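J.: Following this line is upload.cif, made up of mmCIF, C-alpha atoms:
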```
data_upload
loop_
_atom_site.group_PDB
_atom_site.id
_atom_site.type_symbol
_atom_site.label_atom_id
_atom_site.label_comp_id
_atom_site.auth_asym_id
_atom_site.auth_seq_id
_atom_site.Cartn_x
_atom_site.Cartn_y
_atom_site.Cartn_z
ATOM 1 C CA MET K 101 19.840 2.671 -11.613
ATOM 2 C CA ASN K 102 20.491 6.139 -10.201
ATOM 3 C CA GLY K 103 18.211 9.162 -10.373
ATOM 4 C CA VAL K 104 19.955 10.699 -13.410
ATOM 5 C CA GLU K 105 19.586 7.479 -15.426
ATOM 6 C CA GLN K 106 15.908 7.225 -14.497
ATOM 7 C CA VAL K 107 15.261 10.782 -15.634
ATOM 8 C CA LYS K 108 16.863 10.030 -19.007
ATOM 9 C CA SER K 109 14.520 7.057 -19.591
ATOM 10 C CA LYS K 110 11.347 9.138 -19.208
ATOM 11 C CA THR K 111 10.227 12.743 -19.149
ATOM 12 C CA ARG K 112 11.355 14.720 -16.153
ATOM 13 C CA SER K 113 7.762 15.500 -15.159
ATOM 14 C CA ASP K 114 6.961 11.761 -15.261
ATOM 15 C CA PHE K 115 9.982 11.073 -13.083
ATOM 16 C CA ILE K 116 9.103 13.643 -10.443
ATOM 17 C CA TYR K 117 5.451 12.564 -10.512
ATOM 18 C CA GLU K 118 6.387 8.941 -9.803
ATOM 19 C CA ARG K 119 9.028 9.679 -7.157
ATOM 20 C CA LEU K 120 6.940 12.253 -5.327
ATOM 21 C CA LYS K 121 3.888 9.986 -5.434
ATOM 22 C CA GLU K 122 5.932 7.143 -3.965
ATOM 23 C CA ASP K 123 7.173 9.370 -1.144
ATOM 24 C CA ILE K 124 3.649 10.630 -0.405
ATOM 25 C CA VAL K 125 2.016 7.189 -0.261
ATOM 26 C CA ASN K 126 4.901 5.881 1.885
ATOM 27 C CA LEU K 127 4.424 8.888 4.221
ATOM 28 C CA TYR K 128 7.894 10.356 3.695
ATOM 29 C CA TYR K 129 5.870 13.532 3.233
ATOM 30 C CA LYS K 130 3.290 13.522 6.008
ATOM 31 C CA PRO K 131 -0.417 14.374 5.611
ATOM 32 C CA GLY K 132 -0.885 18.111 6.063
ATOM 33 C CA GLU K 133 2.784 18.888 5.340
ATOM 34 C CA LYS K 134 3.517 21.941 3.219
ATOM 35 C CA LEU K 135 5.837 21.253 0.287
ATOM 36 C CA SER K 136 8.385 23.555 -1.287
ATOM 37 C CA GLU K 137 8.757 23.360 -5.077
ATOM 38 C CA ALA K 138 12.350 24.559 -4.785
ATOM 39 C CA LYS K 139 13.309 21.912 -2.199
ATOM 40 C CA ILE K 140 11.551 19.146 -4.135
ATOM 41 C CA ALA K 141 13.317 20.166 -7.357
ATOM 42 C CA GLU K 142 16.641 20.175 -5.523
ATOM 43 C CA ARG K 143 16.015 16.826 -3.825
ATOM 44 C CA TYR K 144 15.149 14.984 -7.022
ATOM 45 C CA GLY K 145 17.499 16.903 -9.298
ATOM 46 C CA VAL K 146 14.869 18.285 -11.691
ATOM 47 C CA SER K 147 13.713 21.730 -12.768
ATOM 48 C CA ARG K 148 11.042 23.805 -11.047
ATOM 49 C CA ASP K 149 8.904 23.508 -14.199
ATOM 50 C CA SER K 150 9.041 19.686 -14.152
ATOM 51 C CA THR K 151 8.303 19.735 -10.428
ATOM 52 C CA ARG K 152 5.283 21.963 -10.992
ATOM 53 C CA LYS K 153 3.913 19.609 -13.665
ATOM 54 C CA GLY K 154 4.338 16.603 -11.388
ATOM 55 C CA ILE K 155 2.606 18.417 -8.538
ATOM 56 C CA THR K 156 -0.286 19.344 -10.837
ATOM 57 C CA ARG K 157 -0.845 15.669 -11.732
ATOM 58 C CA LEU K 158 -0.765 14.620 -8.080
ATOM 59 C CA ALA K 159 -3.215 17.388 -7.201
ATOM 60 C CA GLN K 160 -5.574 16.044 -9.890
ATOM 61 C CA GLU K 161 -5.331 12.613 -8.242
ATOM 62 C CA GLY K 162 -6.208 14.062 -4.852
ATOM 63 C CA LEU K 163 -2.852 13.489 -3.155
ATOM 64 C CA LEU K 164 -1.882 17.163 -3.063
ATOM 65 C CA ILE K 165 -3.730 20.454 -2.694
ATOM 66 C CA SER K 166 -2.360 23.591 -4.331
ATOM 67 C CA ARG K 167 -3.565 26.766 -2.652
ATOM 68 C CA PRO K 168 -2.856 30.134 -4.286
ATOM 69 C CA GLN K 169 -0.787 32.469 -2.128
ATOM 70 C CA TYR K 170 -0.061 29.608 0.301
ATOM 71 C CA GLY K 171 1.558 26.695 -1.493
ATOM 72 C CA THR K 172 1.182 22.951 -1.930
ATOM 73 C CA ILE K 173 -0.009 20.695 0.885
ATOM 74 C CA VAL K 174 -0.113 16.919 1.197
ATOM 75 C CA CYS K 175 -3.747 15.868 1.546
ATOM 76 C CA GLU K 176 -4.779 14.594 4.920
ATOM 77 C CA LEU K 177 -5.633 10.926 5.263
ATOM 78 C CA SER K 178 -9.419 11.082 5.231
ATOM 79 C CA VAL K 179 -10.799 8.787 7.919
ATOM 80 C CA LYS K 180 -14.076 8.377 6.071
ATOM 81 C CA GLN K 181 -12.232 7.675 2.836
ATOM 82 C CA GLY K 182 -10.051 5.109 4.582
ATOM 83 C CA LYS K 183 -13.044 3.370 6.142
ATOM 84 C CA ASP K 184 -14.935 3.407 2.839
ATOM 85 C CA VAL K 185 -11.999 1.805 1.030
ATOM 86 C CA CYS K 186 -11.770 -0.849 3.755
ATOM 87 C CA ASP K 187 -15.488 -1.573 3.319
ATOM 88 C CA ILE K 188 -14.943 -2.052 -0.428
ATOM 89 C CA ARG K 189 -12.023 -4.353 0.299
ATOM 90 C CA LEU K 190 -14.096 -6.361 2.771
ATOM 91 C CA LEU K 191 -16.602 -7.089 0.017
ATOM 92 C CA LEU K 192 -14.229 -7.656 -2.884
ATOM 93 C CA GLU K 193 -11.351 -9.429 -1.194
ATOM 94 C CA THR K 194 -13.433 -11.954 0.749
ATOM 95 C CA TYR K 195 -15.156 -12.689 -2.568
ATOM 96 C CA ALA K 196 -11.820 -12.951 -4.400
ATOM 97 C CA VAL K 197 -10.189 -15.261 -1.880
ATOM 98 C CA LYS K 198 -13.251 -17.526 -1.921
ATOM 99 C CA LEU K 199 -12.773 -18.001 -5.681
ATOM 100 C CA ALA K 200 -8.988 -18.171 -5.502
ATOM 101 C CA VAL K 201 -8.730 -20.998 -2.963
ATOM 102 C CA GLU K 202 -9.688 -23.699 -5.465
ATOM 103 C CA LYS K 203 -7.853 -22.160 -8.414
ATOM 104 C CA ILE K 204 -4.514 -20.959 -7.073
ATOM 105 C CA ASP K 205 -1.453 -22.868 -8.247
ATOM 106 C CA PRO K 206 -0.233 -24.875 -5.212
ATOM 107 C CA SER K 207 3.363 -23.881 -5.970
ATOM 108 C CA ILE K 208 2.396 -20.211 -5.494
ATOM 109 C CA SER K 209 0.688 -20.714 -2.138
ATOM 110 C CA VAL K 210 3.556 -22.935 -0.921
ATOM 111 C CA LYS K 211 6.102 -20.278 -1.951
ATOM 112 C CA LEU K 212 4.104 -17.638 -0.072
ATOM 113 C CA MET K 213 4.152 -19.841 3.022
ATOM 114 C CA GLU K 214 7.906 -20.398 2.761
ATOM 115 C CA ASP K 215 8.516 -16.653 2.441
ATOM 116 C CA TYR K 216 6.148 -16.015 5.332
ATOM 117 C CA GLN K 217 7.954 -18.463 7.608
ATOM 118 C CA ARG K 218 11.338 -16.900 6.809
ATOM 119 C CA LEU K 219 9.975 -13.418 7.475
ATOM 120 C CA TRP K 220 8.355 -14.463 10.751
ATOM 121 C CA LYS K 221 11.808 -15.314 12.129
ATOM 122 C CA LYS K 222 12.852 -11.688 11.524
ATOM 123 C CA LEU K 223 9.781 -10.144 13.109
ATOM 124 C CA ASP K 224 11.641 -8.725 16.113
ATOM 125 C CA ASP K 225 13.809 -6.702 13.739
ATOM 126 C CA ASP K 226 12.290 -3.208 13.505
ATOM 127 C CA SER K 227 14.455 -2.144 10.573
ATOM 128 C CA PRO K 228 12.857 -0.491 7.519
ATOM 129 C CA GLU K 229 13.961 -3.524 5.490
ATOM 130 C CA THR K 230 11.830 -5.866 7.601
ATOM 131 C CA VAL K 231 8.805 -3.569 7.452
ATOM 132 C CA ASN K 232 9.214 -3.248 3.673
ATOM 133 C CA ALA K 233 9.442 -7.040 3.445
ATOM 134 C CA ILE K 234 6.072 -7.271 5.206
ATOM 135 C CA TYR K 235 4.576 -4.803 2.707
ATOM 136 C CA ASP K 236 6.058 -6.835 -0.146
ATOM 137 C CA LEU K 237 4.688 -10.143 1.140
ATOM 138 C CA ASP K 238 1.277 -8.576 1.706
ATOM 139 C CA ASP K 239 1.272 -7.199 -1.853
ATOM 140 C CA ARG K 240 2.325 -10.532 -3.334
ATOM 141 C CA MET K 241 -0.275 -12.437 -1.326
ATOM 142 C CA HIS K 242 -3.109 -10.170 -2.446
ATOM 143 C CA ASP K 243 -1.886 -10.136 -6.054
ATOM 144 C CA ALA K 244 -1.752 -13.944 -6.069
ATOM 145 C CA ILE K 245 -5.361 -14.016 -4.879
ATOM 146 C CA TYR K 246 -6.464 -11.481 -7.505
ATOM 147 C CA ASN K 247 -4.708 -13.406 -10.279
ATOM 148 C CA ALA K 248 -6.207 -16.715 -9.203
ATOM 149 C CA CYS K 249 -9.778 -15.560 -8.596
ATOM 150 C CA GLY K 250 -10.571 -15.308 -12.309
ATOM 151 C CA ASN K 251 -12.420 -11.990 -12.050
ATOM 152 C CA GLU K 252 -10.351 -9.330 -13.810
ATOM 153 C CA MET K 253 -12.455 -6.477 -12.427
ATOM 154 C CA VAL K 254 -11.431 -7.161 -8.826
ATOM 155 C CA PRO K 255 -7.757 -6.121 -9.207
ATOM 156 C CA GLN K 256 -8.744 -3.223 -11.469
ATOM 157 C CA ILE K 257 -11.078 -1.825 -8.817
ATOM 158 C CA ILE K 258 -8.681 -2.443 -5.933
ATOM 159 C CA HIS K 259 -5.667 -1.028 -7.775
ATOM 160 C CA SER K 260 -7.595 2.142 -8.599
ATOM 161 C CA TYR K 261 -7.462 2.853 -4.862
ATOM 162 C CA SER K 262 -3.804 1.803 -4.515
ATOM 163 C CA PRO K 263 -2.443 5.212 -3.359
ATOM 164 C CA ILE K 264 -5.061 5.366 -0.596
ATOM 165 C CA ILE K 265 -4.519 1.712 0.320
ATOM 166 C CA ARG K 266 -0.744 2.169 0.550
ATOM 167 C CA ARG K 267 -1.061 5.255 2.760
ATOM 168 C CA ILE K 268 -3.430 3.322 5.026
ATOM 169 C CA GLN K 269 -1.045 0.358 5.002
ATOM 170 C CA VAL K 270 1.931 2.488 6.028
ATOM 171 C CA ALA K 271 -0.091 4.339 8.679
ATOM 172 C CA ASN K 272 -1.283 0.942 9.904
ATOM 173 C CA MET K 273 2.338 0.002 10.691
ATOM 174 C CA MET K 274 3.870 3.286 11.808
ATOM 175 C CA GLY K 275 3.840 3.636 15.586
ATOM 176 C CA HIS K 276 1.775 0.466 15.950
ATOM 177 C CA ASN K 277 4.231 -2.360 16.617
ATOM 178 C CA GLU K 278 1.366 -4.634 17.613
ATOM 179 C CA ARG K 279 -0.089 -4.204 14.118
ATOM 180 C CA LYS K 280 3.134 -5.440 12.556
ATOM 181 C CA ARG K 281 2.816 -8.701 14.461
ATOM 182 C CA GLY K 282 -0.956 -8.753 13.990
ATOM 183 C CA THR K 283 -0.624 -8.225 10.239
ATOM 184 C CA MET K 284 1.846 -11.100 10.010
ATOM 185 C CA PHE K 285 -0.422 -13.372 12.038
ATOM 186 C CA GLU K 286 -3.389 -12.511 9.821
ATOM 187 C CA MET K 287 -1.416 -13.080 6.623
ATOM 188 C CA GLY K 288 -0.258 -16.419 7.987
ATOM 189 C CA ASN K 289 -3.869 -17.509 8.472
ATOM 190 C CA ILE K 290 -4.797 -16.472 4.918
ATOM 191 C CA ILE K 291 -1.793 -18.193 3.357
ATOM 192 C CA ALA K 292 -2.366 -21.351 5.416
ATOM 193 C CA ALA K 293 -5.963 -21.467 4.185
ATOM 194 C CA LEU K 294 -4.735 -21.136 0.594
ATOM 195 C CA VAL K 295 -2.269 -23.988 1.109
ATOM 196 C CA ASP K 296 -4.993 -26.154 2.709
ATOM 197 C CA LYS K 297 -7.593 -25.075 0.127
ATOM 198 C CA ASP K 298 -9.972 -24.269 2.974
ATOM 199 C CA VAL K 299 -12.582 -21.851 1.595
ATOM 200 C CA ARG K 300 -14.284 -20.993 4.890
ATOM 201 C CA ALA K 301 -10.991 -20.401 6.686
ATOM 202 C CA ALA K 302 -9.735 -18.215 3.840
ATOM 203 C CA GLU K 303 -12.869 -16.056 3.835
ATOM 204 C CA ALA K 304 -12.821 -15.687 7.613
ATOM 205 C CA ALA K 305 -9.090 -14.877 7.715
ATOM 206 C CA MET K 306 -9.390 -12.280 4.965
ATOM 207 C CA TYR K 307 -12.351 -10.623 6.684
ATOM 208 C CA VAL K 308 -10.399 -10.387 9.962
ATOM 209 C CA HIS K 309 -7.344 -8.990 8.155
ATOM 210 C CA ILE K 310 -9.189 -6.168 6.372
ATOM 211 C CA ASN K 311 -11.491 -5.435 9.304
ATOM 212 C CA ASN K 312 -8.496 -5.005 11.634
ATOM 213 C CA ILE K 313 -7.008 -2.504 9.205
ATOM 214 C CA LYS K 314 -10.312 -0.635 9.314
ATOM 215 C CA LYS K 315 -10.209 -0.654 13.130
ATOM 216 C CA THR K 316 -6.725 0.840 13.041
ATOM 217 C CA VAL K 317 -7.946 3.617 10.728
ATOM 218 C CA GLU K 318 -10.700 4.376 13.232
ATOM 219 C CA LYS K 319 -8.272 4.179 16.169
ATOM 220 C CA ASN K 320 -5.983 6.729 14.560
ATOM 221 C CA THR K 321 -8.750 9.336 14.921
ATOM 222 C CA ASP K 322 -9.013 9.001 18.678
#
```
Turn this file's structure into structure tokens for me.

T.:
Amino acid sequence: MNGVEQVKSKTRSDFIYERLKEDIVNLYYKPGEKLSEAKIAERYGVSRDSTRKGITRLAQEGLLISRPQYGTIVCELSVKQGKDVCDIRLLLETYAVKLAVEKIDPSISVKLMEDYQRLWKKLDDDSPETVNAIYDLDDRMHDAIYNACGNEMVPQIIHSYSPIIRRIQVANMMGHNERKRGTMFEMGNIIAALVDKDVRAAEAAMYVHINNIKKTVEKNTD
């Protein structure tokens, strides 16, 4: 589906809100970067008015800052905010995986392992497709854990921080090739624990995974 078709299926302000949000959380627009309404409208093929409405919504969500007489700026990645979100994830996701180990459908954990093994063979490929595949596997692994844990509040809480989590996730990979391999290794340990239904191993692997993300957030401030 091309951009014109997408615009037709929803309001133009919704379209620009979703596309611009996606580009911000994926760091196409970098933290601290000044945005031009005219260039954004031209890039996405929408009006200045629709662009302005989309920017207003993103400013309300804390992804953009609109400053009179200066313009619109992409919010910086707050180190404290990133560390706080990681602390929340450490609590909730170790709890969720502990519950999920016994409940997850074996076919789901086996499929995750098969996908993981295929992706591991491509790990030396630094293409955007491979990096995106890592993001996708990570998302599917966490979603499988949320769905299996039986506590509906866990995914609701985690997903409320999804824009921050995605920005951290992308920053975690960009310029840190060792984190790409480290992330894969950590996911492999979590998935293996799910397959083996090993509660202690799953908790420990999840803690290491989230804590290493937190360390990368801290490292990025050095």

J.: Would you please work out which residue, of K:Leu199, K:Trp220, K:Gly162, K:Glu214, is nearest to Glu176 of chain K when using all atoms listed in the file?

T.: K:Gly162

J.: Could you list, as an NGL selection string, every residue within 10 Å of Ser150 of chain K, counting all atoms listed in the file and ignoring same-chain residues fewer than 5 positions away?

T.: :K and (111-117 or 137 or 141 or 155-156)

J.: Could the residues in this selection be saved with C-alpha atoms as a PDB file, in the coordinates of the input?

T.:
```
ATOM      1  CA  THR K 111      10.227  12.743 -19.149  1.00  0.00           C
ATOM      2  CA  ARG K 112      11.355  14.720 -16.153  1.00  0.00           C
ATOM      3  CA  SER K 113       7.762  15.500 -15.159  1.00  0.00           C
ATOM      4  CA  ASP K 114       6.961  11.761 -15.261  1.00  0.00           C
ATOM      5  CA  PHE K 115       9.982  11.073 -13.083  1.00  0.00           C
ATOM      6  CA  ILE K 116       9.103  13.643 -10.443  1.00  0.00           C
ATOM      7  CA  TYR K 117       5.451  12.564 -10.512  1.00  0.00           C
ATOM      8  CA  GLU K 137       8.757  23.360  -5.077  1.00  0.00           C
ATOM      9  CA  ALA K 141      13.317  20.166  -7.357  1.00  0.00           C
ATOM     10  CA  ILE K 155       2.606  18.417  -8.538  1.00  0.00           C
ATOM     11  CA  THR K 156      -0.286  19.344 -10.837  1.00  0.00           C
TER      12      THR K 156
END
```

J.: Please determine, counting only C-alpha atoms, which residue among K:Val295, K:Ile173, K:Val231, K:Leu192 has the shortest atom-to-atom distance to Leu212 of chain K.

T.: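 Of the candidates, the smallest distance to Leu212 of chain K is held by K:Val295.
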
J.: Could you tell me which of K:Glu193, K:Asp149, K:Asp296, K:Asp123 comes closest to Pro263 of chain K if we count all atoms listed in the file?

T.: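 Distance minimum relative to Pro263 of chain K lands on K:Asp123.
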
J.: Select, from K:Leu219, K:Val201, K:Ile265, K:Met253, the residue with the minimum atom-to-atom distance to Arg300 of chain K, counting all atoms listed in the file.

T.: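 Checking each of K:Leu219, K:Val201, K:Ile265, K:Met253 against Arg300 of chain K, counting all atoms listed in the file, the winner is K:Val201.
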
J.: Closest to Lys134 of chain K among K:Arg189, K:Arg279, K:Arg167, K:Arg157, using all atoms listed in the file?

T.: K:Arg167

J.: Once you add 8 Å to each side, what are the centre and edge lengths of the axis-aligned box holding all listed atoms of segment 127-137 of chain K? One decimal in Å, as AutoDock Vina command-line options, if you can.

T.:
```
--center_x 3.9 --center_y 16.2 --center_z 0.5 --size_x 25.6 --size_y 30.7 --size_z 27.1
```

J.: Would you mind telling me which residue in K:Val317, K:Val308, K:Ala271, K:Ala248 lies nearest to Pro131 of chain K when using only C-alpha atoms?

T.: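 For Pro131 of chain K, the nearest of the given residues is K:Ala271.
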
J.: When you draw a straight line from atom CA of Tyr261 of chain K to atom CA of Thr172 of chain K, how long is it in Å?

T.: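 Interatomic distance, atom CA of Tyr261 of chain K to atom CA of Thr172 of chain K: 22.1 Å.
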
J.: With 12 Å as the threshold, what does the neighbourhood of (-9.9, -5.4, -1.5) contain in terms of residues, counting all atoms listed in the file? Coordinates are those of the file; answer as a PyMOL selection string.

T.: chain K and resi 184-197+239+241-243+245-246+253-262+264-265+306-307+309-311+313-314

J.: Quick one, how far is atom CA of Ile140 of chain K from atom CA of Gly154 of chain K?

T.: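 Atom-to-atom, atom CA of Ile140 of chain K to atom CA of Gly154 of chain K, that is 10.5 Å.
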
J.: Please measure the separation of atom CA of Leu177 of chain K and atom CA of Arg119 of chain K, giving the value in Å to one decimal.

T.: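 Distance reported for this atom pair: 19.3 Å.
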
J.: I want to know what sits within 12 Å of Lys211 of chain K, based on only C-alpha atoms, with residues of the same chain fewer than 6 positions away left out; could you give that as a compact mmCIF listing (two decimals) with C-alpha atoms, in the coordinates of the input?

T.:
```txt
# COMPACT_ATOMS: atom_id res chain seq x y z
CA ILE K 204 -4.51 -20.96 -7.07
CA ASP K 205 -1.45 -22.87 -8.25
CA GLN K 217 7.95 -18.46 7.61
CA ARG K 218 11.34 -16.90 6.81
CA LEU K 237 4.69 -10.14 1.14
CA ARG K 240 2.33 -10.53 -3.33
CA MET K 241 -0.28 -12.44 -1.33
CA ALA K 244 -1.75 -13.94 -6.07
CA ILE K 291 -1.79 -18.19 3.36
CA ALA K 292 -2.37 -21.35 5.42
CA LEU K 294 -4.74 -21.14 0.59
CA VAL K 295 -2.27 -23.99 1.11
```

J.: Could you spell out the hits of the PyMOL selection byres ((chain K and resi 270) around 12) on the shown file, as an MDAnalysis selection string?

T.: chainID K and resid 122:128 130 177 228 231:232 234:236 238 263:269 271:277 279:280 283 313 316:317
